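One structure below.
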Amino acid sequence: MDQEMLKKLLQEIQKGKITIAQGLRRLRDLPYEGLGFAHIDHHRSLRQGAPEVIFCEGKTAEQVQAIVERMLAKGHDILATRASPEVYRKIKRISTRAVYHARSRAIVIQLKKKTLTRGKILILSAGTSDIPVAEEAAVTAQVLGSRVETLYDVGVSGIHRLFDQKEKIQEARVLVVVAGMEGALASVVGGLVDKPVIAVPTSVGYGASFGGIAALLAMLNSCASGLATVNIDNGFGAGTMAHRINILGELDKFSMRT
């Protein structure tokens with residue numbers, strides 16, 4: 001249930017097309033629906049502008065399937081992260097619209113086509129090995145409604161590759177920088193732009209990277225201003241934050257005053 005669906009329901013009641021009792025039946029699962037193993041937050045679209053996202057790791061394929069079924073019944077788009085091919089096969093039986101993004105391990109079902117933002121999010125990865133996390137950020141932001149471009153394998157070991165793309169970097173409204181190893185790319189990008197930069201440390205690296213902790217600490221201690229850091233491998237968190245910043249730029253000057 002999002003704002004448009006609720007507005008339509010209230011208009012139907014107002015015009016007498018449905019009764020108050022029928023309207024209440026449609027709303028009975030707000031704010032959440034209990035399945036025993038999960039409580040689905042059907043109210044989230046009204047509060048946050050997007051439905052609940054399903055984190056698949058730790059859930060059985062049957063549990064994910066049940067959650068998706070109930071969310072689709074309420075008209076929600078689906079974004080399921082960290083999903084295995086087995087989970088995707090289950091979801092595909094429910095909806096032929098289901099799309100599996102193998103690199104990001106994300107399942108997407110979009111019931112309504114979105115008009116993407118004018119502003120652009122640019123997602124950069126330091127290396128090819130960082131692409132799965134970068135793709136999770138890209139898929140997330142795009143599903144939420146942002147226009148997204150990607151720029152991969154432009155890390156500091158060959159920094160000329162980054163400088164060759166300065167025009168594309170400057171055009172972005174928000175930048176997401178995904179890097180493992182020593183995590184230096186985020187500071188470099190942060191020093192080039194006057195836009196928000198979201199740094200994503202990845203668990204890519206040899207032993208002393210400590211599963212991404214080295215990159216995380218480097219990004220947290222960056223001397224570049226306007227840079228914020230999310231958790232290790234948290235492409236979803238970065239994509240969500242980038243989208244929320246991006247849509248602020250879509251508001252016109254009259255909206256900004258209210």
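Ligands are numbered from 1 in the order shown, chains are lettered A, B, ... in the order of the structure tokens, and residues start at 1 in each chain.
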Per DSSP on the backbone, what are the strand (DSSP E or B) residues of range 11-258 of chain A, as a ChimeraX atom specification?
/A:32-34,39-41,54-55,78-81,99-101,106-109,120-125,147-151,174-179,197-201,227-229
Export of the given selection (N, CA and C atoms) as a short mmCIF file (atom, residue, chain, number, x, y, z; two decimals), in the first residue's frame:
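Dumped to result03.cif:
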data_model
loop_
_atom_site.label_atom_id
_atom_site.label_comp_id
_atom_site.auth_asym_id
_atom_site.auth_seq_id
_atom_site.Cartn_x
_atom_site.Cartn_y
_atom_site.Cartn_z
N TYR A 32 1.12 -4.23 9.49
CA TYR A 32 1.92 -5.39 9.13
C TYR A 32 1.07 -6.65 9.11
N GLU A 33 1.62 -7.67 8.48
CA GLU A 33 0.94 -8.97 8.37
C GLU A 33 1.84 -10.05 8.95
N GLY A 34 1.34 -10.80 9.90
CA GLY A 34 2.14 -11.84 10.54
C GLY A 34 2.07 -13.16 9.82
N HIS A 39 7.02 -10.79 10.00
CA HIS A 39 5.97 -9.78 10.06
C HIS A 39 6.23 -8.79 8.92
N ILE A 40 5.42 -8.87 7.88
CA ILE A 40 5.65 -8.07 6.68
C ILE A 40 5.13 -6.66 6.90
N ASP A 41 6.00 -5.70 6.67
CA ASP A 41 5.69 -4.28 6.92
C ASP A 41 5.01 -3.67 5.69
N ILE A 54 13.52 -7.57 0.90
CA ILE A 54 13.72 -8.89 1.50
C ILE A 54 15.20 -9.25 1.45
N PHE A 55 15.80 -9.44 2.61
CA PHE A 55 17.18 -9.92 2.71
C PHE A 55 17.11 -11.45 2.80
N ILE A 78 8.91 -5.82 -5.72
CA ILE A 78 9.78 -6.71 -4.95
C ILE A 78 11.24 -6.43 -5.26
N LEU A 79 12.03 -6.26 -4.20
CA LEU A 79 13.48 -6.30 -4.30
C LEU A 79 13.96 -7.27 -3.23
N ALA A 80 14.56 -8.36 -3.67
CA ALA A 80 15.10 -9.37 -2.75
C ALA A 80 16.61 -9.43 -2.96
N THR A 81 17.37 -9.15 -1.91
CA THR A 81 18.83 -9.11 -2.03
C THR A 81 19.46 -10.38 -1.50
N VAL A 99 12.95 -10.95 -12.31
CA VAL A 99 14.23 -10.87 -13.02
C VAL A 99 15.34 -11.10 -12.00
N TYR A 100 16.30 -11.96 -12.38
CA TYR A 100 17.42 -12.25 -11.50
C TYR A 100 18.67 -11.55 -12.02
N HIS A 101 19.24 -10.67 -11.20
CA HIS A 101 20.48 -10.00 -11.53
C HIS A 101 21.61 -10.81 -10.90
N ALA A 106 20.39 -10.23 -6.87
CA ALA A 106 19.15 -9.55 -6.51
C ALA A 106 18.01 -10.01 -7.43
N ILE A 107 16.84 -10.17 -6.83
CA ILE A 107 15.62 -10.49 -7.58
C ILE A 107 14.75 -9.24 -7.59
N VAL A 108 14.25 -8.89 -8.77
CA VAL A 108 13.42 -7.69 -8.91
C VAL A 108 12.10 -8.07 -9.59
N ILE A 109 10.99 -7.60 -9.01
CA ILE A 109 9.68 -7.68 -9.67
C ILE A 109 9.09 -6.27 -9.62
N LYS A 120 21.49 11.94 -11.73
CA LYS A 120 22.13 10.65 -11.97
C LYS A 120 23.01 10.25 -10.78
N ILE A 121 22.94 8.97 -10.45
CA ILE A 121 23.86 8.37 -9.50
C ILE A 121 24.94 7.65 -10.30
N LEU A 122 26.18 7.93 -9.98
CA LEU A 122 27.30 7.23 -10.62
C LEU A 122 27.92 6.29 -9.60
N ILE A 123 28.03 5.02 -9.99
CA ILE A 123 28.60 4.00 -9.10
C ILE A 123 29.92 3.54 -9.68
N LEU A 124 30.97 3.70 -8.88
CA LEU A 124 32.32 3.35 -9.33
C LEU A 124 32.84 2.17 -8.51
N SER A 125 33.57 1.28 -9.17
CA SER A 125 34.26 0.22 -8.44
C SER A 125 35.76 0.35 -8.68
N ARG A 147 18.09 7.27 -11.81
CA ARG A 147 18.87 6.99 -13.00
C ARG A 147 20.29 6.67 -12.56
N VAL A 148 20.82 5.57 -13.05
CA VAL A 148 22.11 5.06 -12.56
C VAL A 148 23.05 4.81 -13.73
N GLU A 149 24.30 5.19 -13.56
CA GLU A 149 25.37 4.81 -14.48
C GLU A 149 26.48 4.16 -13.66
N THR A 150 27.27 3.32 -14.31
CA THR A 150 28.36 2.63 -13.61
C THR A 150 29.69 2.88 -14.30
N LEU A 151 30.74 2.82 -13.50
CA LEU A 151 32.09 3.00 -14.01
C LEU A 151 32.98 2.05 -13.21
N VAL A 174 25.07 12.25 -7.24
CA VAL A 174 25.56 11.49 -6.09
C VAL A 174 26.51 10.43 -6.64
N LEU A 175 27.56 10.13 -5.88
CA LEU A 175 28.52 9.10 -6.29
C LEU A 175 28.63 8.03 -5.22
N VAL A 176 28.69 6.79 -5.65
CA VAL A 176 28.92 5.66 -4.76
C VAL A 176 30.24 5.03 -5.19
N VAL A 177 31.17 4.92 -4.24
CA VAL A 177 32.50 4.40 -4.55
C VAL A 177 32.70 3.09 -3.79
N VAL A 178 32.91 2.02 -4.54
CA VAL A 178 33.01 0.68 -3.96
C VAL A 178 34.45 0.20 -4.12
N ALA A 179 35.11 -0.14 -2.99
CA ALA A 179 36.51 -0.52 -3.07
C ALA A 179 36.89 -1.45 -1.93
N VAL A 197 29.46 11.81 -1.63
CA VAL A 197 30.12 10.55 -1.98
C VAL A 197 29.83 9.54 -0.89
N ILE A 198 29.31 8.38 -1.30
CA ILE A 198 29.04 7.29 -0.36
C ILE A 198 30.07 6.20 -0.62
N ALA A 199 30.86 5.90 0.40
CA ALA A 199 31.93 4.92 0.27
C ALA A 199 31.46 3.57 0.76
N VAL A 200 31.78 2.52 0.00
CA VAL A 200 31.40 1.16 0.35
C VAL A 200 32.65 0.29 0.40
N PRO A 201 33.11 -0.08 1.59
CA PRO A 201 34.25 -1.00 1.66
C PRO A 201 33.80 -2.41 1.33
N LEU A 227 32.14 12.95 2.41
CA LEU A 227 32.18 11.50 2.18
C LEU A 227 31.63 10.78 3.41
N ALA A 228 30.70 9.87 3.19
CA ALA A 228 30.14 9.05 4.27
C ALA A 228 30.34 7.58 3.90
N THR A 229 30.41 6.73 4.92
CA THR A 229 30.76 5.32 4.71
C THR A 229 29.68 4.40 5.26
#
Per-residue DSSP, range 13-233 of chain A, filtered to alpha helix (DSSP H), as a PyMOL selection string:
chain A and resi 13-14+20-27+44-48+61-73+85-94+131-144+160-163+166-171+185-190+213-220
Could you name the residues that touch Glu57 in chain A at 9 Å or less, counting only C-alpha atoms, but leaving out those on the same chain fewer than 4 positions away, as a JSON list (two decimals) with C-alpha atoms, in the first residue's frame?
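Output file around-v7.json follows:
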[["chain", "number", "residue", "atom", "x", "y", "z"],
["A", 81, "THR", "CA", 18.83, -9.11, -2.03],
["A", 82, "ARG", "CA", 21.48, -11.80, -1.53],
["A", 83, "ALA", "CA", 19.24, -14.31, -3.29],
["A", 84, "SER", "CA", 20.45, -17.66, -4.59]]
For Lys112 in chain A, which of A:Ala138, A:Thr96, A:Ser129, A:Asp77 is the closest residue, counting only C-alpha atoms?
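Nearest to Lys112 in chain A: A:Asp77.
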Between A:Val204, A:Cys223, A:Ala102, A:Leu72, which is the closest to Val87 in chain A once you count only C-alpha atoms?
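For Val87 in chain A, the nearest of the candidates is A:Ala102.
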Of the listed residues A:Leu220, A:Ala208, A:Met71, A:Ile131, that which approaches Ser45 in chain A most closely, counting only C-alpha atoms:
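The closest residue to Ser45 in chain A is A:Met71.
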Nearest to Ala38 in chain A: which of A:Ser203, A:Thr115, A:Gln65, A:Ser209 is it, counting only C-alpha atoms?
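When distances to Ala38 in chain A are compared using only C-alpha atoms, the smallest one comes from A:Gln65.
Distance-wise, CA of Glu86 in chain A and CA of Ala61 in chain A end up 7.0 Å apart.
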Work out how far CA of Ala242 in chain A is from CA of Cys56 in chain A, in Å to one decimal.
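We find that CA of Cys56 in chain A and CA of Ala242 in chain A lie 22.1 Å from each other.
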Which one is closest to Val230 in chain A: A:Arg47, A:Leu216, A:Lys168, A:Arg97? Count only C-alpha atoms.
A:Leu216
Using only C-alpha atoms, which residues sit within 9 Å of range 247-251 of chain A once same-chain residues fewer than 4 positions away are excluded, as a CSV table (one decimal) with N, CA and C atoms, in the first residue's frame?
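After the write, selection_24.csv holds the following:
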chain,number,residue,atom,x,y,z
A,117,THR,N,14.7,9.4,-12.2
A,117,THR,CA,15.1,10.8,-11.9
A,117,THR,C,15.8,11.5,-13.0
A,118,ARG,N,15.8,12.8,-13.0
A,118,ARG,CA,16.7,13.5,-14.0
A,118,ARG,C,18.1,13.4,-13.5
A,119,GLY,N,18.3,13.6,-12.2
A,119,GLY,CA,19.6,13.5,-11.6
A,119,GLY,C,20.2,12.0,-11.7
A,145,GLY,N,14.0,4.1,-8.2
A,145,GLY,CA,13.6,5.1,-9.2
A,145,GLY,C,14.7,6.1,-9.6
A,146,SER,N,15.9,5.8,-9.3
A,146,SER,CA,17.0,6.7,-9.7
A,146,SER,C,17.6,6.3,-11.1
A,173,ARG,N,25.0,13.5,-9.7
A,173,ARG,CA,24.5,14.2,-8.5
A,173,ARG,C,24.9,13.6,-7.2
A,242,ALA,N,22.0,6.7,-1.6
A,242,ALA,CA,22.2,7.5,-2.8
A,242,ALA,C,20.9,7.9,-3.4
A,243,HIS,N,19.9,7.0,-3.5
A,243,HIS,CA,18.6,7.4,-4.0
A,243,HIS,C,18.0,8.5,-3.2
A,255,SER,N,8.7,23.4,-4.1
A,255,SER,CA,8.6,22.3,-3.1
A,255,SER,C,9.6,22.4,-2.0
A,256,MET,N,10.8,23.0,-2.3
A,256,MET,CA,11.8,23.1,-1.3
A,256,MET,C,11.4,24.1,-0.2
